[in-house]
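**Q** The structure that follows is given in the form of structure tokens.
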Amino acid sequence: MLKKSKKWMLAAGLAALMPFNALAADYTWRFALEEIQGSVQDAYAQEFKRRVEERSQGRVEVQVYPYGALGTSAQLTELVQNQAIQFAFASPGHLGAVIPEVQVFSLHFIFSDNNAVNKSVLANSQAINQLLAQAYAEKNLELLSIVPEGWMVWTGDRALNTPEAFKDFKIRTMTSPLLVEAYRAYGANPTPMPYSEVYSGLQLKQIDGQVNPIFAIEEMSFYEVQSHMTFARQAQFVTSLVANKTFFDGLPEDLQKIVKQVRTELVDHIYDVQHDFNQSRLQKIKENSDIKMVELTEAEREAFRKASLDVRQTYVEQAGQRGQEVLNTLLAEIKAAETKAAAR
Ligand code: 6CS
């Protein structure tokens with residue numbers, strides 16, 4: 001029998017050998033993803049977890065829940081609002097049903113063709129940090145970061161190189177109402193549905209196509225049941241990192257600081273990750289299928305740009321005065337950043 005003091009020493013010795021996260025943390029933060037393991041959001045969350053746990057020296061444990069574990073995007077947002085979970089990704093393509101202003105990111109042809117410009121605008125924007133953050137706060141959400149995940153690419157049972165090719169095309173969209181209008185503008189027949197239903201929808205031909213960044217088209221196997229990928233660079237896929245606002249405001253200052261530091265550090269990291277994932281998975285799709293790649297010419301893109309412009313007015317009707325301000329500010333910021341980049 002070990003004496004009580006010896007038992008204690010043994011326990012203390014074992015604890016010293018254990019990695020800090022094997023000890024009970026003071027805080028457990030649940031972080032839900034709208035994407036599966038191996039995705040851009042997963043890469044972000046794993047790095048967020050690593051840095052936060054390390055910097056908090058074991059006071060915080062971050063548990064990551066990939067898509068499918070807790071629900072659809074809309075359900076994840078509700079879970080954060082109710083504080084059943086603390087952090088989640090909330091893509092504007094779905095979140096627009098709750099915060100109409102965020103649908104600015106669902107508009108076509110507002111981003112620069114130079115993605116480095118988009119990255120810097122998204123990280124430093126007044127439109128985002130003030131106007132949109134306020135709209136999130138009103139829904140008890142702390143907007144921590146807007147994260148670009150790559151250009152949206154159309155997949156379909158045909159090439160989509162003119163707005164006419166979209167006539168009656170049943171395209172799956174995310175569930176924000178503005179996306180339906182964005183594709184009606186091209187004459188399509190948009191069908192909103194959750195991410196988890198897209199593959200079977202394509203396979204059963206309930207829908208003719210869908211739109212997502214390349215890495216997602218590969219990891220969700222959409223390319224296996226589609227004949228064409230069309231590259232128009234009409235929109236970036238962006239998501240937002242959110243926390244429950246009451247929870248976040250109630251955190252000790254040092255932990256808030258760690259979260260803010262990490263989200264700032266991850267801007268460059270995740271930009272590189274999405275770039276690598278989108279490139280390498282395009283390669284994988286080419287190796288594993290004979291799907292046809294259609295790259296739009298500038299003249300073809302211009303026809304889509306023109307057809308998309310009226311949707312900006314619909315956005316303002318849905319998102320109101322603040323939406324108008326977000327749009328104007330963001331467009332001005334992109335233009336200014338393009339001018340600066342061109343002068344370099
Ligand atoms: O299409 C969707 O619904 C999803 N697409 C991606 C790339 N991420 C999350 C989102 O819910």
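Going by the structure tokens order, chains are called A, B, ..., each with residues numbered from 1, while ligands are numbered from 1 in the order shown.
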Could you list, as a PDB file with C-alpha atoms, in the first residue's frame, every residue within 10 Å of stretch 122-130 of chain A, counting only C-alpha atoms and ignoring same-chain residues fewer than 4 positions away?

**A**
```pdb
ATOM      1  CA  VAL A 102     -24.333  39.576 -45.157  1.00  0.00           C
ATOM      2  CA  ALA A 116      -4.719  38.996 -52.982  1.00  0.00           C
ATOM      3  CA  VAL A 117      -6.715  42.254 -53.104  1.00  0.00           C
ATOM      4  CA  ASN A 118      -9.794  40.412 -51.839  1.00  0.00           C
ATOM      5  CA  GLN A 134     -23.088  45.395 -35.724  1.00  0.00           C
ATOM      6  CA  ALA A 135     -25.656  43.389 -37.717  1.00  0.00           C
ATOM      7  CA  LEU A 143     -18.184  38.344 -35.953  1.00  0.00           C
ATOM      8  CA  LEU A 144     -14.553  37.271 -35.572  1.00  0.00           C
ATOM      9  CA  SER A 145     -13.412  36.894 -39.152  1.00  0.00           C
ATOM     10  CA  ILE A 146     -14.514  36.707 -42.771  1.00  0.00           C
ATOM     11  CA  VAL A 147     -12.646  33.842 -44.383  1.00  0.00           C
ATOM     12  CA  PRO A 148     -12.294  33.426 -48.183  1.00  0.00           C
ATOM     13  CA  VAL A 238     -16.561  33.313 -48.087  1.00  0.00           C
ATOM     14  CA  THR A 264      -5.653  37.664 -37.034  1.00  0.00           C
ATOM     15  CA  VAL A 267      -5.718  35.300 -42.150  1.00  0.00           C
ATOM     16  CA  ASP A 268      -2.515  34.517 -44.066  1.00  0.00           C
ATOM     17  CA  ARG A 322     -27.381  49.409 -43.747  1.00  0.00           C
ATOM     18  CA  GLY A 323     -27.107  46.914 -46.594  1.00  0.00           C
ATOM     19  CA  GLU A 325     -23.968  51.229 -46.903  1.00  0.00           C
ATOM     20  CA  VAL A 326     -22.208  47.860 -46.652  1.00  0.00           C
ATOM     21  CA  LEU A 327     -22.328  47.455 -50.427  1.00  0.00           C
ATOM     22  CA  ASN A 328     -21.120  50.976 -51.205  1.00  0.00           C
ATOM     23  CA  THR A 329     -18.324  50.787 -48.628  1.00  0.00           C
ATOM     24  CA  LEU A 330     -17.155  47.366 -49.765  1.00  0.00           C
ATOM     25  CA  LEU A 331     -17.145  48.341 -53.451  1.00  0.00           C
ATOM     26  CA  ALA A 332     -15.141  51.473 -52.631  1.00  0.00           C
ATOM     27  CA  GLU A 333     -12.687  49.462 -50.525  1.00  0.00           C
ATOM     28  CA  ILE A 334     -12.138  46.922 -53.306  1.00  0.00           C
TER      29      ILE A 334
END
```

**Q** To check your reading of the model: which residues sit at most 8 Å from ligand 1 when counting only C-alpha atoms and all ligand atoms? Write the answer as a compact mmCIF listing (two decimals) with all heavy atoms, in the first residue's frame.

**A**
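Once written, selection_37.txt looks like this:
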```
# COMPACT_ATOMS: atom_id res chain seq x y z
N LEU A 33 -18.28 23.00 -37.62
CA LEU A 33 -17.94 23.31 -39.02
C LEU A 33 -19.11 23.02 -39.94
O LEU A 33 -19.88 22.10 -39.68
CB LEU A 33 -16.75 22.45 -39.48
CG LEU A 33 -15.57 22.30 -38.53
CD1 LEU A 33 -14.50 21.45 -39.19
CD2 LEU A 33 -15.03 23.66 -38.14
N GLU A 34 -19.14 23.76 -41.04
CA GLU A 34 -20.13 23.49 -42.10
C GLU A 34 -19.53 22.58 -43.15
O GLU A 34 -20.10 22.42 -44.22
CB GLU A 34 -20.52 24.79 -42.79
CG GLU A 34 -21.03 25.87 -41.92
CD GLU A 34 -21.17 27.14 -42.75
OE1 GLU A 34 -20.13 27.74 -43.10
OE2 GLU A 34 -22.30 27.51 -43.03
N GLU A 35 -18.34 22.10 -42.89
CA GLU A 35 -17.63 21.26 -43.88
C GLU A 35 -17.05 20.04 -43.18
O GLU A 35 -16.86 20.05 -41.96
CB GLU A 35 -16.50 22.07 -44.55
CG GLU A 35 -17.04 23.21 -45.40
CD GLU A 35 -15.97 24.20 -45.87
OE1 GLU A 35 -14.77 23.97 -45.61
OE2 GLU A 35 -16.34 25.21 -46.48
N GLN A 41 -12.37 24.64 -43.83
CA GLN A 41 -12.85 25.01 -42.48
C GLN A 41 -12.22 24.11 -41.42
O GLN A 41 -11.89 24.56 -40.32
CB GLN A 41 -14.38 24.94 -42.41
CG GLN A 41 -15.06 26.02 -43.22
CD GLN A 41 -16.56 26.08 -43.02
OE1 GLN A 41 -17.12 25.37 -42.20
NE2 GLN A 41 -17.22 26.93 -43.80
N THR A 72 -27.26 21.08 -39.99
CA THR A 72 -27.04 21.89 -41.19
C THR A 72 -26.47 23.25 -40.79
O THR A 72 -26.47 23.59 -39.60
CB THR A 72 -28.37 22.14 -41.93
OG1 THR A 72 -29.22 22.89 -41.03
CG2 THR A 72 -29.06 20.84 -42.32
N SER A 73 -26.07 24.05 -41.77
CA SER A 73 -25.53 25.38 -41.46
C SER A 73 -26.52 26.20 -40.64
O SER A 73 -26.15 26.84 -39.65
CB SER A 73 -25.22 26.13 -42.76
OG SER A 73 -24.15 25.54 -43.41
N ALA A 90 -20.27 30.27 -40.19
CA ALA A 90 -21.61 30.60 -40.67
C ALA A 90 -21.44 31.28 -42.03
O ALA A 90 -21.06 32.44 -42.11
CB ALA A 90 -22.31 31.53 -39.69
N SER A 91 -21.68 30.53 -43.08
CA SER A 91 -21.47 31.09 -44.42
C SER A 91 -22.60 32.02 -44.80
O SER A 91 -23.77 31.68 -44.62
CB SER A 91 -21.40 29.97 -45.46
OG SER A 91 -20.29 29.17 -45.19
N GLY A 93 -23.89 32.50 -47.47
CA GLY A 93 -24.82 31.80 -48.38
C GLY A 93 -25.98 31.14 -47.66
O GLY A 93 -27.01 30.86 -48.26
N HIS A 94 -25.82 30.89 -46.39
CA HIS A 94 -26.93 30.39 -45.55
C HIS A 94 -27.37 31.45 -44.54
O HIS A 94 -28.55 31.63 -44.29
CB HIS A 94 -26.50 29.13 -44.80
CG HIS A 94 -26.21 27.95 -45.69
ND1 HIS A 94 -27.20 27.28 -46.38
CD2 HIS A 94 -25.05 27.35 -46.02
CE1 HIS A 94 -26.65 26.29 -47.09
NE2 HIS A 94 -25.34 26.32 -46.89
N GLU A 149 -12.60 31.23 -49.17
CA GLU A 149 -12.25 29.81 -49.39
C GLU A 149 -12.03 29.48 -50.87
O GLU A 149 -11.88 28.32 -51.21
CB GLU A 149 -13.33 28.90 -48.80
CG GLU A 149 -13.49 29.05 -47.30
CD GLU A 149 -14.38 27.98 -46.67
OE1 GLU A 149 -14.40 26.85 -47.17
OE2 GLU A 149 -15.08 28.31 -45.71
N THR A 173 -28.64 26.05 -54.87
CA THR A 173 -27.96 27.16 -54.21
C THR A 173 -28.00 26.92 -52.70
O THR A 173 -28.78 26.09 -52.21
CB THR A 173 -28.66 28.51 -54.48
OG1 THR A 173 -29.98 28.46 -53.91
CG2 THR A 173 -28.74 28.82 -55.96
N MET A 174 -27.16 27.66 -51.98
CA MET A 174 -27.30 27.70 -50.53
C MET A 174 -28.63 28.40 -50.23
O MET A 174 -29.33 28.83 -51.14
CB MET A 174 -26.09 28.41 -49.91
CG MET A 174 -24.83 27.59 -50.03
SD MET A 174 -23.37 28.39 -49.32
CE MET A 174 -22.86 29.42 -50.68
N THR A 175 -28.97 28.52 -48.95
CA THR A 175 -30.36 28.84 -48.60
C THR A 175 -30.68 30.33 -48.38
O THR A 175 -31.81 30.66 -48.03
CB THR A 175 -30.75 28.03 -47.35
OG1 THR A 175 -29.72 28.20 -46.36
CG2 THR A 175 -30.85 26.54 -47.68
N MET A 193 -31.00 24.27 -51.07
CA MET A 193 -31.03 23.05 -50.23
C MET A 193 -29.75 22.98 -49.38
O MET A 193 -28.75 23.61 -49.71
CB MET A 193 -31.20 21.78 -51.07
CG MET A 193 -30.12 21.53 -52.09
SD MET A 193 -30.21 19.87 -52.84
CE MET A 193 -31.65 19.96 -53.83
N PRO A 194 -29.80 22.22 -48.28
CA PRO A 194 -28.59 22.08 -47.45
C PRO A 194 -27.49 21.34 -48.20
O PRO A 194 -27.77 20.55 -49.11
CB PRO A 194 -29.05 21.28 -46.23
CG PRO A 194 -30.52 21.23 -46.30
CD PRO A 194 -30.94 21.50 -47.70
N TYR A 195 -26.28 21.58 -47.75
CA TYR A 195 -25.08 21.00 -48.37
C TYR A 195 -25.15 19.47 -48.41
O TYR A 195 -24.76 18.84 -49.40
CB TYR A 195 -23.90 21.42 -47.48
CG TYR A 195 -22.51 21.35 -48.05
CD1 TYR A 195 -22.24 21.60 -49.38
CD2 TYR A 195 -21.43 21.10 -47.19
CE1 TYR A 195 -20.92 21.58 -49.85
CE2 TYR A 195 -20.12 21.09 -47.65
CZ TYR A 195 -19.88 21.32 -48.98
OH TYR A 195 -18.58 21.31 -49.44
N SER A 196 -25.64 18.89 -47.36
CA SER A 196 -25.66 17.42 -47.23
C SER A 196 -26.54 16.74 -48.27
O SER A 196 -26.41 15.54 -48.49
CB SER A 196 -26.14 17.04 -45.83
OG SER A 196 -27.31 17.76 -45.53
N VAL A 211 -23.00 25.00 -57.30
CA VAL A 211 -21.88 25.94 -57.35
C VAL A 211 -21.13 25.92 -56.02
O VAL A 211 -21.75 26.02 -54.95
CB VAL A 211 -22.37 27.36 -57.74
CG1 VAL A 211 -23.56 27.82 -56.90
CG2 VAL A 211 -21.27 28.40 -57.70
N ASN A 212 -19.81 25.74 -56.08
CA ASN A 212 -18.98 25.65 -54.89
C ASN A 212 -17.51 25.81 -55.28
O ASN A 212 -17.17 25.65 -56.45
CB ASN A 212 -19.19 24.29 -54.21
CG ASN A 212 -20.01 24.42 -52.93
OD1 ASN A 212 -19.69 25.22 -52.06
ND2 ASN A 212 -21.08 23.65 -52.84
N PRO A 213 -16.63 26.07 -54.30
CA PRO A 213 -15.20 26.11 -54.65
C PRO A 213 -14.67 24.72 -54.99
O PRO A 213 -15.25 23.70 -54.58
CB PRO A 213 -14.53 26.66 -53.40
CG PRO A 213 -15.53 26.62 -52.32
CD PRO A 213 -16.88 26.45 -52.90
N PHE A 215 -12.20 22.82 -54.00
CA PHE A 215 -11.87 21.82 -52.97
C PHE A 215 -13.13 21.07 -52.52
O PHE A 215 -13.10 19.87 -52.26
CB PHE A 215 -11.15 22.47 -51.77
CG PHE A 215 -12.08 23.14 -50.79
CD1 PHE A 215 -12.66 22.42 -49.76
CD2 PHE A 215 -12.42 24.47 -50.91
CE1 PHE A 215 -13.55 23.02 -48.87
CE2 PHE A 215 -13.29 25.08 -50.04
CZ PHE A 215 -13.86 24.35 -49.01
N ALA A 216 -14.26 21.79 -52.48
CA ALA A 216 -15.52 21.19 -52.03
C ALA A 216 -16.09 20.27 -53.11
O ALA A 216 -16.64 19.20 -52.80
CB ALA A 216 -16.52 22.28 -51.68
N PHE A 237 -16.23 32.16 -52.56
CA PHE A 237 -16.92 31.57 -51.42
C PHE A 237 -16.29 32.17 -50.17
O PHE A 237 -15.08 32.03 -49.97
CB PHE A 237 -16.77 30.04 -51.39
CG PHE A 237 -17.54 29.43 -50.26
CD1 PHE A 237 -18.83 29.00 -50.45
CD2 PHE A 237 -17.00 29.38 -48.99
CE1 PHE A 237 -19.58 28.48 -49.38
CE2 PHE A 237 -17.74 28.87 -47.92
CZ PHE A 237 -19.02 28.42 -48.13
N THR A 239 -16.78 32.52 -45.85
CA THR A 239 -17.54 32.12 -44.66
C THR A 239 -17.23 33.10 -43.55
O THR A 239 -16.31 33.92 -43.68
CB THR A 239 -17.21 30.68 -44.24
OG1 THR A 239 -18.17 30.27 -43.24
CG2 THR A 239 -15.82 30.54 -43.66
```

**Q** What lies within 7 Å of A:Tyr27 using only C-alpha atoms, ignoring chain neighbours under 5 positions off, as a VMD selection string?

**A** chain A and resid 59 to 61

**Q** Within 8 Å of A:Val64, counting only C-alpha atoms, which residues qualify if same-chain residues fewer than 5 places away don't, as a list of chain:residue names?

**A** A:Arg30, A:Phe31, A:Ala32, A:Leu33, A:Ala45, A:Gln46, A:Lys49

**Q** Taking the chain letters and numbering used in this document, name the residues of stretch 99-326 of chain A that DSSP puts in helix (DSSP H, G or I), as an MDAnalysis selection string.

**A** chainID A and resid 100:106 115:124 126:137 163:166 177:184 195:203 214:219 222:225 245:249 253:288 298:308 311:326

**Q** Give me the residues near stretch 241-247 of chain A as a PyMOL selection string, where near means some atom within 7 Å (using only C-alpha atoms) and where sequence neighbours in that chain fewer than 3 positions away do not count.

**A** chain A and resi 80-81+83+86-90+137+140-146+250-251

**Q** Can you tell me which residues surround stretch 183-189 of chain A at a distance of at most 8 Å, considering only C-alpha atoms, apart from same-chain residues fewer than 3 positions away, and format the answer as a VMD selection string?

**A** chain A and resid 163 to 164 166 to 171 179 to 180 304 307 to 308 310 to 311

**Q** Restricting the calculation to only C-alpha atoms: of A:Glu78, A:Glu298, A:Glu101, A:Glu138, which residue gets closest to A:Thr162?

**A**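 Comparing A:Glu78, A:Glu298, A:Glu101, A:Glu138 against A:Thr162, the winner is A:Glu298.
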
**Q** Counting only C-alpha atoms, figure out which residue out of A:Gln274, A:Ser120, A:Gln57, A:Thr191 gets nearest to A:Gln206.

**A**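 The closest residue to A:Gln206 is A:Thr191.
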
**Q** Please report as JSON lines every residue of stretch 94-192 of chain A lying within 12 Å of stretch 217-233 of chain A, along with the nearest atom pair and their distance in Å (one decimal), using only C-alpha atoms.

**A**
```
{"residue": "A:Leu107", "atom": "CA", "partner": "A:Arg233", "partner_atom": "CA", "distance": 11.9}
{"residue": "A:His108", "atom": "CA", "partner": "A:Arg233", "partner_atom": "CA", "distance": 8.7}
{"residue": "A:Phe109", "atom": "CA", "partner": "A:Arg233", "partner_atom": "CA", "distance": 7.7}
{"residue": "A:Ile110", "atom": "CA", "partner": "A:Arg233", "partner_atom": "CA", "distance": 10.3}
{"residue": "A:Phe111", "atom": "CA", "partner": "A:Arg233", "partner_atom": "CA", "distance": 8.9}
{"residue": "A:Ser112", "atom": "CA", "partner": "A:Arg233", "partner_atom": "CA", "distance": 9.4}
{"residue": "A:Asp113", "atom": "CA", "partner": "A:Arg233", "partner_atom": "CA", "distance": 7.4}
{"residue": "A:Asn114", "atom": "CA", "partner": "A:Arg233", "partner_atom": "CA", "distance": 10.4}
{"residue": "A:Asn115", "atom": "CA", "partner": "A:Arg233", "partner_atom": "CA", "distance": 10.3}
{"residue": "A:Gly150", "atom": "CA", "partner": "A:Arg233", "partner_atom": "CA", "distance": 9.4}
{"residue": "A:Trp151", "atom": "CA", "partner": "A:Arg233", "partner_atom": "CA", "distance": 5.8}
{"residue": "A:Met152", "atom": "CA", "partner": "A:Arg233", "partner_atom": "CA", "distance": 6.6}
{"residue": "A:Val153", "atom": "CA", "partner": "A:Phe231", "partner_atom": "CA", "distance": 5.3}
{"residue": "A:Trp154", "atom": "CA", "partner": "A:Thr230", "partner_atom": "CA", "distance": 5.1}
{"residue": "A:Thr155", "atom": "CA", "partner": "A:Met229", "partner_atom": "CA", "distance": 4.4}
{"residue": "A:Gly156", "atom": "CA", "partner": "A:His228", "partner_atom": "CA", "distance": 5.4}
{"residue": "A:Asp157", "atom": "CA", "partner": "A:Ser227", "partner_atom": "CA", "distance": 5.1}
{"residue": "A:Arg158", "atom": "CA", "partner": "A:His228", "partner_atom": "CA", "distance": 5.7}
{"residue": "A:Ala159", "atom": "CA", "partner": "A:His228", "partner_atom": "CA", "distance": 5.7}
{"residue": "A:Leu160", "atom": "CA", "partner": "A:Thr230", "partner_atom": "CA", "distance": 6.1}
{"residue": "A:Asn161", "atom": "CA", "partner": "A:Thr230", "partner_atom": "CA", "distance": 7.1}
{"residue": "A:Thr162", "atom": "CA", "partner": "A:Ala232", "partner_atom": "CA", "distance": 10.1}
{"residue": "A:Pro163", "atom": "CA", "partner": "A:Ala232", "partner_atom": "CA", "distance": 11.4}
{"residue": "A:Ala165", "atom": "CA", "partner": "A:Thr230", "partner_atom": "CA", "distance": 11.4}
{"residue": "A:Phe166", "atom": "CA", "partner": "A:Thr230", "partner_atom": "CA", "distance": 11.8}
{"residue": "A:Arg172", "atom": "CA", "partner": "A:Phe222", "partner_atom": "CA", "distance": 11.8}
```

**Q** Let me see the file: selected residues, N, CA and C atoms, as a PDB file, in the first residue's frame.

**A**
```
ATOM      1  N   LEU A 107     -23.521  38.462 -53.887  1.00  0.00           N
ATOM      2  CA  LEU A 107     -23.643  39.198 -55.154  1.00  0.00           C
ATOM      3  C   LEU A 107     -22.520  38.781 -56.096  1.00  0.00           C
ATOM      4  N   HIS A 108     -22.808  38.804 -57.380  1.00  0.00           N
ATOM      5  CA  HIS A 108     -21.792  38.408 -58.362  1.00  0.00           C
ATOM      6  C   HIS A 108     -21.012  39.631 -58.870  1.00  0.00           C
ATOM      7  N   PHE A 109     -19.752  39.384 -59.178  1.00  0.00           N
ATOM      8  CA  PHE A 109     -18.866  40.385 -59.783  1.00  0.00           C
ATOM      9  C   PHE A 109     -18.681  41.625 -58.902  1.00  0.00           C
ATOM     10  N   ILE A 110     -18.594  41.404 -57.589  1.00  0.00           N
ATOM     11  CA  ILE A 110     -18.217  42.542 -56.736  1.00  0.00           C
ATOM     12  C   ILE A 110     -16.754  42.437 -56.310  1.00  0.00           C
ATOM     13  N   PHE A 111     -16.197  41.239 -56.302  1.00  0.00           N
ATOM     14  CA  PHE A 111     -14.807  41.077 -55.868  1.00  0.00           C
ATOM     15  C   PHE A 111     -13.837  41.383 -57.001  1.00  0.00           C
ATOM     16  N   SER A 112     -12.591  41.635 -56.598  1.00  0.00           N
ATOM     17  CA  SER A 112     -11.531  41.876 -57.576  1.00  0.00           C
ATOM     18  C   SER A 112     -11.125  40.552 -58.218  1.00  0.00           C
ATOM     19  N   ASP A 113     -10.636  40.617 -59.454  1.00  0.00           N
ATOM     20  CA  ASP A 113     -10.072  39.417 -60.087  1.00  0.00           C
ATOM     21  C   ASP A 113      -8.757  39.030 -59.417  1.00  0.00           C
ATOM     22  N   ASN A 114      -8.174  39.995 -58.727  1.00  0.00           N
ATOM     23  CA  ASN A 114      -6.919  39.764 -58.008  1.00  0.00           C
ATOM     24  C   ASN A 114      -7.261  39.315 -56.579  1.00  0.00           C
ATOM     25  N   ASN A 115      -7.069  38.027 -56.339  1.00  0.00           N
ATOM     26  CA  ASN A 115      -7.528  37.486 -55.062  1.00  0.00           C
ATOM     27  C   ASN A 115      -6.738  37.995 -53.855  1.00  0.00           C
ATOM     28  N   GLY A 150     -12.078  30.507 -51.725  1.00  0.00           N
ATOM     29  CA  GLY A 150     -11.793  30.247 -53.146  1.00  0.00           C
ATOM     30  C   GLY A 150     -12.931  30.651 -54.060  1.00  0.00           C
ATOM     31  N   TRP A 151     -12.621  30.700 -55.357  1.00  0.00           N
ATOM     32  CA  TRP A 151     -13.635  31.078 -56.349  1.00  0.00           C
ATOM     33  C   TRP A 151     -14.730  30.032 -56.437  1.00  0.00           C
ATOM     34  N   MET A 152     -15.952  30.509 -56.606  1.00  0.00           N
ATOM     35  CA  MET A 152     -17.088  29.605 -56.820  1.00  0.00           C
ATOM     36  C   MET A 152     -17.044  29.111 -58.264  1.00  0.00           C
ATOM     37  N   VAL A 153     -17.230  27.820 -58.439  1.00  0.00           N
ATOM     38  CA  VAL A 153     -17.189  27.213 -59.771  1.00  0.00           C
ATOM     39  C   VAL A 153     -18.527  26.508 -60.016  1.00  0.00           C
ATOM     40  N   TRP A 154     -19.079  26.719 -61.213  1.00  0.00           N
ATOM     41  CA  TRP A 154     -20.339  26.036 -61.546  1.00  0.00           C
ATOM     42  C   TRP A 154     -20.045  24.620 -62.032  1.00  0.00           C
ATOM     43  N   THR A 155     -20.785  23.649 -61.519  1.00  0.00           N
ATOM     44  CA  THR A 155     -20.736  22.318 -62.137  1.00  0.00           C
ATOM     45  C   THR A 155     -22.126  22.034 -62.692  1.00  0.00           C
ATOM     46  N   GLY A 156     -22.162  21.253 -63.774  1.00  0.00           N
ATOM     47  CA  GLY A 156     -23.464  20.982 -64.368  1.00  0.00           C
ATOM     48  C   GLY A 156     -23.425  19.853 -65.366  1.00  0.00           C
ATOM     49  N   ASP A 157     -24.588  19.618 -65.963  1.00  0.00           N
ATOM     50  CA  ASP A 157     -24.685  18.592 -67.005  1.00  0.00           C
ATOM     51  C   ASP A 157     -24.456  19.227 -68.375  1.00  0.00           C
ATOM     52  N   ARG A 158     -23.952  20.457 -68.370  1.00  0.00           N
ATOM     53  CA  ARG A 158     -23.669  21.188 -69.616  1.00  0.00           C
ATOM     54  C   ARG A 158     -22.645  22.290 -69.322  1.00  0.00           C
ATOM     55  N   ALA A 159     -22.083  22.854 -70.383  1.00  0.00           N
ATOM     56  CA  ALA A 159     -21.214  24.033 -70.222  1.00  0.00           C
ATOM     57  C   ALA A 159     -22.118  25.232 -69.958  1.00  0.00           C
ATOM     58  N   LEU A 160     -21.675  26.121 -69.067  1.00  0.00           N
ATOM     59  CA  LEU A 160     -22.520  27.272 -68.712  1.00  0.00           C
ATOM     60  C   LEU A 160     -21.793  28.556 -69.115  1.00  0.00           C
ATOM     61  N   ASN A 161     -21.516  28.688 -70.410  1.00  0.00           N
ATOM     62  CA  ASN A 161     -20.699  29.835 -70.811  1.00  0.00           C
ATOM     63  C   ASN A 161     -21.482  31.065 -71.274  1.00  0.00           C
ATOM     64  N   THR A 162     -22.814  30.978 -71.239  1.00  0.00           N
ATOM     65  CA  THR A 162     -23.635  32.167 -71.520  1.00  0.00           C
ATOM     66  C   THR A 162     -24.821  32.161 -70.560  1.00  0.00           C
ATOM     67  N   PRO A 163     -25.396  33.345 -70.285  1.00  0.00           N
ATOM     68  CA  PRO A 163     -26.608  33.342 -69.461  1.00  0.00           C
ATOM     69  C   PRO A 163     -27.707  32.482 -70.102  1.00  0.00           C
ATOM     70  N   ALA A 165     -27.420  29.676 -71.501  1.00  0.00           N
ATOM     71  CA  ALA A 165     -27.220  28.258 -71.145  1.00  0.00           C
ATOM     72  C   ALA A 165     -27.862  27.940 -69.796  1.00  0.00           C
ATOM     73  N   PHE A 166     -28.128  28.988 -68.999  1.00  0.00           N
ATOM     74  CA  PHE A 166     -28.749  28.787 -67.685  1.00  0.00           C
ATOM     75  C   PHE A 166     -30.271  28.654 -67.776  1.00  0.00           C
ATOM     76  N   ARG A 172     -28.608  24.084 -57.747  1.00  0.00           N
ATOM     77  CA  ARG A 172     -28.730  24.102 -56.285  1.00  0.00           C
ATOM     78  C   ARG A 172     -27.982  25.313 -55.770  1.00  0.00           C
TER      79      ARG A 172
END
```

**Q** Taking only C-alpha atoms into account, name the residue in A:Lys260, A:Leu266, A:Arg344, A:Ile214 that is nearest to A:Gln283.

**A**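 For A:Gln283, the nearest of the given residues is A:Ile214.
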